[in-house]
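Shown next, in structure tokens, is the structure this report addresses.
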Amino acid sequence: MFDPHAQVQLVRPAVTAEDAVRVAAQAYGLTGTVKELGSNQDRNYLLTPIHNSTESEIRGQRYLLKFDNDVFSEREIQIQNEALLRLAEHGVSVPTPVRDMAGEWISAVDVGTDGRRARARLLTFVEGTSLVDDGYLSPHIVAEMGRLAGQVVAELANLTDPALERDLQWDMRNAMAVVNAYNPEVSVHRREHIRSAATRAWDVVRHYGARLPVQPIHGDITDDNIVGPRDEMGRVVPQAIIDWGDLATGWRVAELAVTVSSILHHQGGRALDVMPAIAAFDAIAQLTDAEIIVLWPLVILRGAVLVVSGAHQVALEPENDYARERMEHEWNIFATADSLNMALAHAAIRAATGRMDEPPPKPERVLVPKLDSEAIRLDASSPHLHCGAWAEKGIEERLAAAVTARGKSAVFAYGEHRLTLSPPAGSNRPNNTALTTELFLPKTTQLVVPFPCYVDTRNSTTRNSSLILAGTFGEIQIDGDIESMSAFGSAVAGEELCTVTANSRLTIQWRRPGISYAPEFTDADALPAWRRLTVDPAVLLGIEPAHWIADTARERERRTAAMPTAAERYYDDHAPQIERGWRDLLIDTNGRAYVDMVNNVASVGHAHPVLANAVNQQMLTLNTNSRFLYSVLAEYIERLVALAPDPTLSVVMLVNSGSEAVDLAMHLAKVHTGRKDVVVLREGYHGWTMATDAVSTSAFDNPAASGSRPAWVHVADAVNTYRGPHRRSDAADAYAADVVTLLDDLDSKGTPAGAFLCEPVFGNGGGIVYPAGYLQKVYAAVRERGGVCIADEVQVGLGRLGHYTWGVEQQGVVPDIMAVAKALGGGYPLGCVYTTPAIAASLEGEGMFFSSAGGSTASAAAGLAVLDIIRDEGLQQHAAAVGDHLASRLEALRERHLLVGAIHGMGLYQGVELVLDRDTRAPAVNETAWICDRMLDHGVIVQATSERRNVLKVKPPLTLTTEHADVFVDALEKVLYEVEARFK
């Protein structure tokens, strides 16, 4: 057993970098450079070999030159080597021992100038980055950490050697002794917290200690010692385990407790985020019931040991900067672990590992006899909460009153994520998940005793008093306006309990045996645990549990099974299930609201009632195609013509999507000019039909785009004054000259261009505005040669730029053909093509034009509603004002963060370009991907664009508020600070 007085103090061996270089050469025949790596007890040097002949550094195998602490026996060191060789043989990625030139695994070497001896080992250096600085860890990464820990204990289970019985302070069997020994060295204001928390945890562990499996364990599989490469999102992928100096016999579950504790400081105080690691470990090395019980107490004890040991090491060795720098994050580990109630943690672990609990007993009598009830949904998909009704004061009472007015009792379900209790969009997760069933009962409703029990009252924090029914079933707590009581003390099932007043709101919570308290509401993460500690009161009432409560994991499985892998999706491994939109917000099944920065399709905002009602009424009246005569079609086209950037574009043809609009525009150009060849810009995206894909050159959407364009597609330089070949603000002439050269070359080959196609603002590139005069020069050159000019306004048109209705207006040009979609329908599938009467007439020789959905009555009604909303609500002017505010805040952000290279665009189509270096403008690809992932956790949905995937696209609904623009920028700044720390 650990005795601090019998311990030899672990002062690291006095070995310098110069010693390490000399030992590498003499013992291992390696000449190289060394860099010291941190350690609490040993000396570790990273050895990079170099050519003996040139002394120049080469790429290749690097090594860890380790000088083990003299306090450890030779056999302890040997067994570490044997374990590493065994693990490597079985496919676990670990450092591998290397023999010295004498054939020995451990080298006795001279260090210093005074004849001192030390023991050296050479191990292959496992390349990769540790997880310690990665900030937030995704559920997938957390699970991988648990899987690695499970794999290690599985492989070490049969390793036996007396040398593994080591009396280490890190052995969790010694945890309380270590805390008692070193706690006096902790700062005064933290000592009592450490002592009391550790004592409570140890009381649990001590009771079950004899039942815990014991075997060899690594003992320190932490975020420090798990390494791997970074993936395309910049996340470290756990692959290998390093630092085997604590290998010893110990409780098997301690391996997991150590890993779990190391995750805690990454998750912003959310202790339950560790559950994927526990589930993954359990899938390999199934935990016993006793291990499940002691796991969280051991996590608390591990945190306490880290704190007191760190304080002790700093007191012992004040110059040990490695130990000193870690003290605050070790305190965060302990404080986060202790913040989670051990009973709740136990329930969460049982839920995460799929352990079954005893089903609750069935009541002998129904609590409310003859209950005639109607369930009212308050979740994100509730039909009662349209048009932002969930935020109205008193909405729950009004909904209930409508039910009780019909003579029924209204029911709000247990386990439901109530949107009515959700906070505004931002970083806060909603604490809105009901652990009660609520009833609104008619006057003089009688309640009866459901089980033999003891009836009493208790003061309540939320009501004047609570009625408590206690028995072998646990406790049933009833809160509400109770008029008369018929039972106190012992009661039998069926006995009258009480009568409630008129239209009383009754709250019922059923807690399992041993659980004296549960909150009325919790968050979605804690619900699986609380469902193990509480029971749905529906069974007490004789009603069905709520069947609509979402199972997001199951929904992911359904989607994966039903959709092809080529279908693009956001947030693959932790996608929220979005079930409601409102204006510039998206809301998931947990009732959490996210600021939507990407849905330019929902131009007038999500779920706009004017748009929804217009489509609904038209569908109820008539929905047919444009071959018929009906007034709404002509009315809509007249309104569109009035919005054209020039009176010459007086013909409008309706289609159902942006791809169809651009496809039709190209077809018009071909039949009008008689030419097939088209000139487009590099990095452009125009759609998914065969024709529009042919002219799409973006490698973001099609990695093979540059080498797979048909011969009739000709590509000019992307117009990008930030990172293109011409970076002056007056670069219009240079970029236009590139197009002119291409046009001249086509003329000389006898294949003149029939059309020039581009977005008037470079949307796919990140909202980049072309230099003034560019399109004027290009359009003139194209027309001089008999071609036509097509503007793809699918993304940027119809008021999104704020200061202009159309992108072509910003450039001061009028196209011959203009393709529009997305914003036109506000989420309804609708697009159109503007053109001149002469060009439209050219189509007559090709047959009749027709688009089933594009010209339908419902499409026209939807389009008219969108135009009305944009006009009546001043959304274009709103986009200008909010866009200017957003641009100003983003520019200020750029001044504070070197990662932000440029802000592009205008209005509510902008781009935040992220770079590794402002001089080279190297794209920050991994950082951008990671930022998009992290912003979700801050309540913002944003995604990457541009061929380099390093621009945050900012194209929200036109209803984006200034407040929500600030939520976006504030969250982005927080994440930028995180990413700067993570990728430093």
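Chain lettering (A, B, ...) mirrors the order of the structure tokens, residue numbering begins at 1 for each chain separately, and ligand numbering begins at 1 in order of display.
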
Helix (DSSP H, G or I) positions in range 501-674 of chain A, given as a PyMOL selection string: chain A and resi 527-533+538-541+552-562+609-621+631-642+658-673

Enumerate the residues of range 781-968 of chain A with a DSSP assignment of strand (DSSP E or B), computed from the backbone, and present them as a ChimeraX atom specification. /A:788-792,817-820,826,828,831-835,900-906,909-915,923,940-941,943-945,951-954

May I have the selected residues written with N, CA and C atoms, as a short mmCIF file (atom, residue, chain, number, x, y, z; two decimals), in the first residue's frame?
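Generated output (again_15.cif):
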data_model
loop_
_atom_site.label_atom_id
_atom_site.label_comp_id
_atom_site.auth_asym_id
_atom_site.auth_seq_id
_atom_site.Cartn_x
_atom_site.Cartn_y
_atom_site.Cartn_z
N VAL A 788 -23.68 35.53 -76.79
CA VAL A 788 -24.61 36.12 -75.82
C VAL A 788 -24.04 35.94 -74.42
N CYS A 789 -24.52 36.77 -73.49
CA CYS A 789 -24.01 36.77 -72.12
C CYS A 789 -25.07 36.28 -71.16
N ILE A 790 -24.73 35.26 -70.40
CA ILE A 790 -25.65 34.63 -69.44
C ILE A 790 -25.18 34.96 -68.03
N ALA A 791 -26.09 35.48 -67.23
CA ALA A 791 -25.80 35.74 -65.81
C ALA A 791 -26.49 34.68 -64.96
N ASP A 792 -25.70 34.00 -64.16
CA ASP A 792 -26.25 33.01 -63.21
C ASP A 792 -26.48 33.73 -61.88
N ILE A 817 -29.35 36.84 -71.14
CA ILE A 817 -30.14 35.79 -70.49
C ILE A 817 -29.75 35.78 -69.02
N MET A 818 -30.73 35.64 -68.15
CA MET A 818 -30.44 35.64 -66.71
C MET A 818 -31.19 34.48 -66.04
N ALA A 819 -30.46 33.62 -65.34
CA ALA A 819 -31.04 32.47 -64.65
C ALA A 819 -31.21 32.81 -63.17
N VAL A 820 -32.40 32.53 -62.63
CA VAL A 820 -32.72 32.84 -61.24
C VAL A 820 -33.39 31.62 -60.63
N GLY A 826 -38.52 30.85 -52.04
CA GLY A 826 -38.42 30.88 -50.60
C GLY A 826 -38.45 29.50 -49.96
N TYR A 828 -39.78 26.87 -51.85
CA TYR A 828 -40.63 26.13 -52.78
C TYR A 828 -39.84 25.97 -54.08
N GLY A 831 -37.84 28.38 -60.22
CA GLY A 831 -36.78 29.14 -60.85
C GLY A 831 -37.33 29.80 -62.10
N CYS A 832 -36.52 30.66 -62.70
CA CYS A 832 -36.98 31.30 -63.94
C CYS A 832 -35.78 31.71 -64.77
N VAL A 833 -36.05 32.00 -66.04
CA VAL A 833 -35.05 32.54 -66.95
C VAL A 833 -35.61 33.82 -67.55
N TYR A 834 -34.87 34.90 -67.41
CA TYR A 834 -35.17 36.16 -68.08
C TYR A 834 -34.42 36.19 -69.41
N THR A 835 -35.07 36.70 -70.44
CA THR A 835 -34.36 36.90 -71.69
C THR A 835 -35.11 37.92 -72.56
N VAL A 900 -7.92 35.22 -40.14
CA VAL A 900 -8.91 35.79 -41.05
C VAL A 900 -8.17 36.63 -42.09
N GLY A 901 -8.14 36.12 -43.32
CA GLY A 901 -7.38 36.79 -44.36
C GLY A 901 -8.15 37.89 -45.07
N ALA A 902 -9.44 37.66 -45.33
CA ALA A 902 -10.22 38.63 -46.08
C ALA A 902 -11.70 38.43 -45.81
N ILE A 903 -12.46 39.50 -45.95
CA ILE A 903 -13.92 39.45 -45.89
C ILE A 903 -14.43 39.82 -47.28
N HIS A 904 -15.21 38.94 -47.87
CA HIS A 904 -15.71 39.14 -49.23
C HIS A 904 -17.21 39.47 -49.20
N GLY A 905 -17.68 39.97 -50.33
CA GLY A 905 -19.11 40.08 -50.57
C GLY A 905 -19.75 41.33 -50.02
N MET A 906 -21.08 41.29 -49.98
CA MET A 906 -21.87 42.42 -49.48
C MET A 906 -23.25 41.92 -49.11
N TYR A 909 -24.71 38.15 -48.59
CA TYR A 909 -23.89 37.14 -49.25
C TYR A 909 -22.44 37.56 -49.04
N GLN A 910 -21.83 36.98 -48.03
CA GLN A 910 -20.45 37.31 -47.70
C GLN A 910 -19.64 36.04 -47.53
N GLY A 911 -18.33 36.21 -47.45
CA GLY A 911 -17.43 35.09 -47.23
C GLY A 911 -16.30 35.51 -46.31
N VAL A 912 -15.97 34.64 -45.36
CA VAL A 912 -14.86 34.89 -44.44
C VAL A 912 -13.74 33.94 -44.84
N GLU A 913 -12.70 34.48 -45.48
CA GLU A 913 -11.62 33.63 -45.98
C GLU A 913 -10.55 33.48 -44.91
N LEU A 914 -10.20 32.22 -44.62
CA LEU A 914 -9.26 31.89 -43.55
C LEU A 914 -7.95 31.40 -44.16
N VAL A 915 -6.84 31.95 -43.67
CA VAL A 915 -5.53 31.63 -44.24
C VAL A 915 -4.54 31.32 -43.12
N PRO A 923 -4.30 28.52 -47.80
CA PRO A 923 -5.63 28.31 -47.23
C PRO A 923 -5.61 27.49 -45.96
N VAL A 940 -24.54 27.86 -33.98
CA VAL A 940 -24.51 28.49 -35.29
C VAL A 940 -24.23 27.43 -36.35
N ILE A 941 -25.00 27.46 -37.43
CA ILE A 941 -24.77 26.55 -38.54
C ILE A 941 -24.11 27.33 -39.66
N GLN A 943 -21.02 26.69 -43.01
CA GLN A 943 -20.27 25.70 -43.75
C GLN A 943 -19.22 26.36 -44.63
N ALA A 944 -18.31 25.53 -45.16
CA ALA A 944 -17.21 26.03 -45.97
C ALA A 944 -17.58 26.06 -47.44
N THR A 945 -16.95 26.96 -48.17
CA THR A 945 -17.08 27.01 -49.62
C THR A 945 -15.72 27.37 -50.20
N VAL A 951 -13.27 29.10 -46.98
CA VAL A 951 -14.09 30.30 -46.83
C VAL A 951 -15.40 29.91 -46.14
N LEU A 952 -15.73 30.63 -45.07
CA LEU A 952 -17.01 30.42 -44.42
C LEU A 952 -18.07 31.17 -45.24
N LYS A 953 -19.04 30.42 -45.76
CA LYS A 953 -20.06 31.08 -46.58
C LYS A 953 -21.15 31.66 -45.68
N VAL A 954 -21.44 32.90 -45.92
CA VAL A 954 -22.41 33.63 -45.12
C VAL A 954 -23.56 34.02 -46.04
#

Distance query range 304-311 of chain A at most 10 Å, only C-alpha atoms, self and fewer than 6 positions along chain excluded, as a ChimeraX atom specification: /A:40,169-172,174-187,190-191,193-195,197-198,261,298,317-318,322-335,337-338

Counting only C-alpha atoms, the option among A:Arg458, A:Arg22, A:Lys822, A:His885 closest to Thr961 in chain A: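 Under the stated criterion, the closest residue is A:His885.
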
Å distance separating CA of Glu895 in chain A from CA of Gly883 in chain A, one decimal place: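 Separating CA of Glu895 in chain A from CA of Gly883 in chain A is a distance of 18.4 Å.
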